[in-house]
Amino acid sequence: MEDRRLRAPLPSPPGKDLREEKTYGNVLAELESVDLPLGTTLRSVYDDQPNAHKRFMEKLDARIRNHDREIEKMCNFHHQGFVDAITELLKVRADAEKLMGQVTDTNRRLQDAGREVTAQTEEVIRCRVQQRNMATTVEKLHLCIPVLEMYSKLKEQLESKRYYAALKTMEQLENIYIPRVSQYRFCQIMAETLPKLREEIKEVSMSDLKDFLESIRKHSDKIGETAMRQAQQHRTFLSTVQKHVSAGCTKPLYSLNGRGAFQHNGLATEDATDEDEGDDEVLTAHDLVDFSPVYRCLHIYTVLGDRETFENYYRKQRKKQARLVLQPQSNMHETVEGYRKYFNQIVGFFVVEDHILHATQGLVTRVFTEELWNMALSKIIAVLRTHSSYCNDPDLVLELKNLIVIFADTLQGYGFQVNRLFDLLFEIRDQYNETLLKKWAVVFREIFELDNYSPIPVENEDEYKSVVGRFPFHDAEIEKQPFPKKLPMSQSVPQIYIQVKEFIYASLKFSESLHRSSTEVDDMLRKSTNLLLTRTLSGCLHNLIRKPHIGLTELVQIIINTTHLEQACKYLEEFITNITNVSPETVHTTRLYGLSTFKDARHAAEGEIYTKLNQKIDEFIQLADYEWGMAESDGRASGYLMDLINFLRSTFQVFTHLPNNNNDHGAMSGKVAQTACMSACKHLATSLMQMLLDTELKQISMGAIQQFNLDVIQCELFASSEPVPGFQGDTLQLAFIDLRQLLDLFMVWDWSTYLADYGQPTCKYLRVNPSTALALLEKVNRGMKDTSKKNNLFSQFRKNDRDKQKLIETVVKQLRSLVNGMSQHS
């Protein structure tokens, strides 16, 4: 209680109550106002002094009581009027209900009466609306039907792939028909669809173009094959006509139905005159390939205003295809079919381009095709140059040449420049000649290996004519001889001659159809024949001559053979002249080098004869077995030397078979025999001299000197017996003059004369060199010393030896002074 009393609020001062009264009055006024927000007002009440809420509620209750009293006053004032009004309303209600019933009845009767009219009126209105709608519909349909018809037509054209007509239809739809009815939704859909259809047409046409490009890539082989076959037929036809005219024939070349065979060298060609193809029409690229996709695509892109894009795409793709076509197979060089397929594809490609060039306007231009051809030509030449270098078969090279000629003629017929191809053929011609030379080298080697190197025997006239029919041999003396007889050359000569002619024929085959003059062909034939003679045949002859198993008899026969082949060279020149019809007197005519070829071979054979003779002599010399310390000689020549001389005699008998049927050949044969004999004698003399002066031989007895002298005497007797006719005087004996003078000097022991007359032109021992005499004398001196030691005889003999020894020493000193003087003088 005390706490409550303590907490009771203190009475407010009078001034403060007045302020609170005014404040709460304002708050109540604001609450009574409808427009003001209550939130701020109520907040102000609670934000005031403590117990403000209670005082506010008290003020609010007071205000409510005031308003209740005012309302009660107002209700009391208007109560009577309200009662009167209620009374009047009750009276009017009865009348209103009556009136309502009458109005309802009248309305019902009116509704019943106007229901039929209303129905008829609505029917009329509906019919009028339908009529108006129908008229409008018909009017709009007249505008829409053409659009729909054109669109239907467009769909049909698209389904039938008539894209160019479809584009024209689209153009009409866009420019004429759709603008008339553009307000309709279906027209807007159509207008939106047309660009998509154009793109679809572009894609479809481009797809067709790609299919076309793929198709012509596959058909290029067939197109090229057809074009090259037609070009070959045309070339064969022109050749046949030319031969026909030059032969003066008057018969028609062809029958009316087009049948008839081309004749070439007596053989019917397998061309379009074949029985199965004789009635066929000439096929063109247009017959083999459907070009409509290209035309269609070109027209489509032209209509769509995108022709340049199409042209660029087409050219780019064709360039890619060209590169693929120009890429050969790695084994193309192995067979002619590989080359043929390669050429067919290239020809087919450019035949198509030529057709496109002339069938379209501007899709490809002449500049583009020439640029493409120049690129292709460089690649073709590089490919052919590479692959042809792998070929070692002349027949395949010849077939390649024929293919290149047909290839060039075919493309030249379409307006392409092919001069570089013919230039390439000259390179291939050199390679062809190389392969021919290799082939004929094998042929020549086989001929030489199978030859028996003996004169050809002929038993009767037929055999003789058979030989001279193959080889131009004419000899009056042999013709007079009775059968059986022998021709001087061996079997290889006519075979070689025939093979040279075959080579000329083979070389001529390559020169055909190269569009060259007869003079150029003649020059080519002569140059290639010269290569055959100077390189191939000459090489085979030299290899043959150097073979170990070829003996002197075979070498002699080779000399005879080369002589007759040399004589036949003029007939080879006549043979070439008859083929080319070019006079040999023409200024630039190349001469055959057969004369020098066979002369060189003959000289090589002669040199080989000399070499083999010397080798045989060396073999006999190696059999020599002198007893250099013998006291006295045997009184007869050594056995090895007699065998050697007998061999030389029999060998030189072979030289009697060398040709001597005319003065030139007689002189030649005698010269060969004489040279061989002189060479053999010189080599024998040199070998004997070297035997005496051999550094390994330290001492020689006088008995050995006497024995050696007997052998040299036999050599001199052989030389004087004229083993080969034609030597004048003692020419052959001079080969042993050095040995003879040296041996005489020792046999006579004539040192005083040698030393006194040395250097004089009339010296008896003019051919004895002081160094040679010194070397032999020292060997003899050592031999004498050795003999003296072995023979311990009487004193007078030893005194004679001592005197002779002193003489030898004196001669040795003088010889040494001569040798030293010669060395100083030199």
# chains A, B, ... in the order shown; residues from 1 in each chain; ligands from 1

$ residues_around --residues "A:Ile705" --least-positions-apart "3" --cutoff "8 Å" --atoms "only C-alpha atoms" --output "PyMOL selection string"
chain A and resi 700-702+708-709+743+746-747

$ write_last_selection --atoms "all heavy atoms" --output "PDB file, in the first residue's frame"
ATOM      1  N   ILE A 700     127.891 -66.802-114.601  1.00  0.00           N
ATOM      2  CA  ILE A 700     127.652 -67.574-115.817  1.00  0.00           C
ATOM      3  C   ILE A 700     128.988 -68.112-116.294  1.00  0.00           C
ATOM      4  O   ILE A 700     129.991 -67.381-116.378  1.00  0.00           O
ATOM      5  CB  ILE A 700     127.010 -66.712-116.926  1.00  0.00           C
ATOM      6  CG1 ILE A 700     125.679 -66.117-116.450  1.00  0.00           C
ATOM      7  CG2 ILE A 700     126.796 -67.532-118.190  1.00  0.00           C
ATOM      8  CD1 ILE A 700     125.040 -65.188-117.473  1.00  0.00           C
ATOM      9  N   SER A 701     128.976 -69.370-116.676  1.00  0.00           N
ATOM     10  CA  SER A 701     130.203 -69.962-117.208  1.00  0.00           C
ATOM     11  C   SER A 701     130.262 -69.760-118.712  1.00  0.00           C
ATOM     12  O   SER A 701     129.244 -69.488-119.361  1.00  0.00           O
ATOM     13  CB  SER A 701     130.253 -71.460-116.883  1.00  0.00           C
ATOM     14  OG  SER A 701     129.229 -72.146-117.584  1.00  0.00           O
ATOM     15  N   MET A 702     131.407 -69.903-119.272  1.00  0.00           N
ATOM     16  CA  MET A 702     131.557 -69.775-120.720  1.00  0.00           C
ATOM     17  C   MET A 702     130.847 -70.918-121.433  1.00  0.00           C
ATOM     18  O   MET A 702     130.354 -70.764-122.560  1.00  0.00           O
ATOM     19  CB  MET A 702     133.043 -69.762-121.088  1.00  0.00           C
ATOM     20  CG  MET A 702     133.758 -68.488-120.701  1.00  0.00           C
ATOM     21  SD  MET A 702     132.971 -66.998-121.370  1.00  0.00           S
ATOM     22  CE  MET A 702     133.185 -67.280-123.119  1.00  0.00           C
ATOM     23  N   PHE A 708     123.905 -70.946-124.791  1.00  0.00           N
ATOM     24  CA  PHE A 708     122.963 -69.857-125.100  1.00  0.00           C
ATOM     25  C   PHE A 708     123.160 -69.392-126.536  1.00  0.00           C
ATOM     26  O   PHE A 708     122.193 -69.066-127.234  1.00  0.00           O
ATOM     27  CB  PHE A 708     123.196 -68.701-124.112  1.00  0.00           C
ATOM     28  CG  PHE A 708     122.011 -67.798-123.956  1.00  0.00           C
ATOM     29  CD1 PHE A 708     120.965 -68.133-123.107  1.00  0.00           C
ATOM     30  CD2 PHE A 708     121.935 -66.601-124.661  1.00  0.00           C
ATOM     31  CE1 PHE A 708     119.887 -67.300-122.968  1.00  0.00           C
ATOM     32  CE2 PHE A 708     120.848 -65.763-124.524  1.00  0.00           C
ATOM     33  CZ  PHE A 708     119.814 -66.112-123.672  1.00  0.00           C
ATOM     34  N   ASN A 709     124.404 -69.413-126.994  1.00  0.00           N
ATOM     35  CA  ASN A 709     124.713 -69.022-128.361  1.00  0.00           C
ATOM     36  C   ASN A 709     124.071 -69.976-129.353  1.00  0.00           C
ATOM     37  O   ASN A 709     123.562 -69.565-130.411  1.00  0.00           O
ATOM     38  CB  ASN A 709     126.211 -68.953-128.560  1.00  0.00           C
ATOM     39  CG  ASN A 709     126.586 -68.482-129.957  1.00  0.00           C
ATOM     40  OD1 ASN A 709     126.125 -67.425-130.401  1.00  0.00           O
ATOM     41  ND2 ASN A 709     127.405 -69.259-130.650  1.00  0.00           N
ATOM     42  N   LEU A 743     126.889 -61.834-127.821  1.00  0.00           N
ATOM     43  CA  LEU A 743     127.434 -63.185-127.702  1.00  0.00           C
ATOM     44  C   LEU A 743     128.740 -63.320-128.486  1.00  0.00           C
ATOM     45  O   LEU A 743     129.685 -63.998-128.032  1.00  0.00           O
ATOM     46  CB  LEU A 743     126.397 -64.205-128.186  1.00  0.00           C
ATOM     47  CG  LEU A 743     125.148 -64.356-127.288  1.00  0.00           C
ATOM     48  CD1 LEU A 743     124.140 -65.295-127.944  1.00  0.00           C
ATOM     49  CD2 LEU A 743     125.550 -64.880-125.914  1.00  0.00           C
ATOM     50  N   PHE A 746     131.671 -62.066-126.489  1.00  0.00           N
ATOM     51  CA  PHE A 746     132.151 -62.967-125.440  1.00  0.00           C
ATOM     52  C   PHE A 746     132.744 -64.248-126.031  1.00  0.00           C
ATOM     53  O   PHE A 746     133.706 -64.809-125.481  1.00  0.00           O
ATOM     54  CB  PHE A 746     131.003 -63.312-124.488  1.00  0.00           C
ATOM     55  CG  PHE A 746     130.769 -62.249-123.433  1.00  0.00           C
ATOM     56  CD1 PHE A 746     129.998 -61.143-123.713  1.00  0.00           C
ATOM     57  CD2 PHE A 746     131.364 -62.361-122.183  1.00  0.00           C
ATOM     58  CE1 PHE A 746     129.792 -60.167-122.753  1.00  0.00           C
ATOM     59  CE2 PHE A 746     131.164 -61.387-121.232  1.00  0.00           C
ATOM     60  CZ  PHE A 746     130.368 -60.277-121.509  1.00  0.00           C
ATOM     61  N   MET A 747     132.176 -64.705-127.150  1.00  0.00           N
ATOM     62  CA  MET A 747     132.690 -65.942-127.727  1.00  0.00           C
ATOM     63  C   MET A 747     134.085 -65.716-128.305  1.00  0.00           C
ATOM     64  O   MET A 747     134.976 -66.557-128.154  1.00  0.00           O
ATOM     65  CB  MET A 747     131.725 -66.444-128.819  1.00  0.00           C
ATOM     66  CG  MET A 747     130.372 -66.889-128.303  1.00  0.00           C
ATOM     67  SD  MET A 747     130.439 -68.339-127.245  1.00  0.00           S
ATOM     68  CE  MET A 747     131.005 -69.554-128.416  1.00  0.00           C
TER      69      MET A 747
END

$ select_by_dssp --residues "stretch 379-414 of chain A" --states "helix (DSSP H, G or I)" --output "VMD selection string"
chain A and resid 379 to 388 394 to 413

$ residues_around --residues "A:Gln157" --least-positions-apart "2" --cutoff "12 Å" --atoms "only C-alpha atoms" --output "PyMOL selection string"
chain A and resi 150-155+159-170+197+201

$ residues_around --residues "stretch 333-342 of chain A" --least-positions-apart "6" --cutoff "8 Å" --atoms "only C-alpha atoms" --output "list in words"
Asp221, Val325, Leu326, His387, Ser388, Tyr390, Cys391, Leu396, Glu399, Leu400 and Leu403 of chain A

$ write_last_selection --atoms "N, CA, C and O atoms" --output "PDB file, in the first residue's frame"
ATOM      1  N   ASP A 221      37.876 -42.541-118.101  1.00  0.00           N
ATOM      2  CA  ASP A 221      38.620 -43.609-118.775  1.00  0.00           C
ATOM      3  C   ASP A 221      37.926 -44.017-120.071  1.00  0.00           C
ATOM      4  O   ASP A 221      38.556 -44.121-121.135  1.00  0.00           O
ATOM      5  N   VAL A 325      43.725 -37.080-111.479  1.00  0.00           N
ATOM      6  CA  VAL A 325      43.886 -37.793-112.748  1.00  0.00           C
ATOM      7  C   VAL A 325      45.352 -37.864-113.150  1.00  0.00           C
ATOM      8  O   VAL A 325      45.825 -38.870-113.680  1.00  0.00           O
ATOM      9  N   LEU A 326      46.086 -36.784-112.858  1.00  0.00           N
ATOM     10  CA  LEU A 326      47.491 -36.721-113.269  1.00  0.00           C
ATOM     11  C   LEU A 326      48.402 -37.519-112.359  1.00  0.00           C
ATOM     12  O   LEU A 326      49.593 -37.657-112.648  1.00  0.00           O
ATOM     13  N   HIS A 387      58.753 -42.341-115.332  1.00  0.00           N
ATOM     14  CA  HIS A 387      58.358 -43.745-115.464  1.00  0.00           C
ATOM     15  C   HIS A 387      59.006 -44.408-116.679  1.00  0.00           C
ATOM     16  O   HIS A 387      59.305 -45.605-116.629  1.00  0.00           O
ATOM     17  N   SER A 388      59.190 -43.649-117.751  1.00  0.00           N
ATOM     18  CA  SER A 388      59.816 -44.262-118.923  1.00  0.00           C
ATOM     19  C   SER A 388      61.269 -44.625-118.651  1.00  0.00           C
ATOM     20  O   SER A 388      61.819 -45.534-119.266  1.00  0.00           O
ATOM     21  N   TYR A 390      62.314 -46.083-116.127  1.00  0.00           N
ATOM     22  CA  TYR A 390      62.369 -47.389-115.490  1.00  0.00           C
ATOM     23  C   TYR A 390      62.250 -48.537-116.498  1.00  0.00           C
ATOM     24  O   TYR A 390      62.476 -49.686-116.138  1.00  0.00           O
ATOM     25  N   CYS A 391      61.865 -48.224-117.725  1.00  0.00           N
ATOM     26  CA  CYS A 391      61.531 -49.266-118.689  1.00  0.00           C
ATOM     27  C   CYS A 391      62.787 -49.718-119.430  1.00  0.00           C
ATOM     28  O   CYS A 391      63.524 -48.899-119.983  1.00  0.00           O
ATOM     29  N   LEU A 396      58.019 -52.202-125.083  1.00  0.00           N
ATOM     30  CA  LEU A 396      57.144 -51.397-124.237  1.00  0.00           C
ATOM     31  C   LEU A 396      57.372 -49.912-124.479  1.00  0.00           C
ATOM     32  O   LEU A 396      56.414 -49.126-124.516  1.00  0.00           O
ATOM     33  N   GLU A 399      55.564 -49.084-127.680  1.00  0.00           N
ATOM     34  CA  GLU A 399      54.117 -48.971-127.450  1.00  0.00           C
ATOM     35  C   GLU A 399      53.788 -47.679-126.710  1.00  0.00           C
ATOM     36  O   GLU A 399      52.772 -47.038-126.985  1.00  0.00           O
ATOM     37  N   LEU A 400      54.650 -47.297-125.774  1.00  0.00           N
ATOM     38  CA  LEU A 400      54.454 -46.024-125.071  1.00  0.00           C
ATOM     39  C   LEU A 400      54.529 -44.864-126.053  1.00  0.00           C
ATOM     40  O   LEU A 400      53.717 -43.930-125.985  1.00  0.00           O
ATOM     41  N   LEU A 403      51.344 -44.686-127.961  1.00  0.00           N
ATOM     42  CA  LEU A 403      50.286 -44.127-127.115  1.00  0.00           C
ATOM     43  C   LEU A 403      50.432 -42.612-126.990  1.00  0.00           C
ATOM     44  O   LEU A 403      49.438 -41.877-127.035  1.00  0.00           O
TER      45      LEU A 403
END

$ closest_residue --among "A:Pro455, A:Gly413, A:Gly469, A:Pro548" --to "A:Asn561" --atoms "only C-alpha atoms"
A:Pro455

$ residues_around --residues "stretch 470-481 of chain A" --least-positions-apart "2" --cutoff "8 Å" --atoms "only C-alpha atoms" --output "ChimeraX atom specification"
/A:466-468,483,485,487,493-495,497-498,564,568,571,661

$ atom_distance --atom1 "atom CA of A:Pro179" --atom2 "atom CA of A:Leu304"
20.2 Å

$ closest_residue --among "A:Lys682, A:Lys547, A:Lys196, A:Arg767" --to "A:Leu732" --atoms "only C-alpha atoms"
A:Lys682

$ atom_distance --atom1 "atom CA of A:Leu541" --atom2 "atom CA of A:Val521"
28.1 Å

$ closest_residue --among "A:Arg132, A:His515, A:Arg63, A:His603" --to "A:Ala29" --atoms "only C-alpha atoms"
A:Arg63
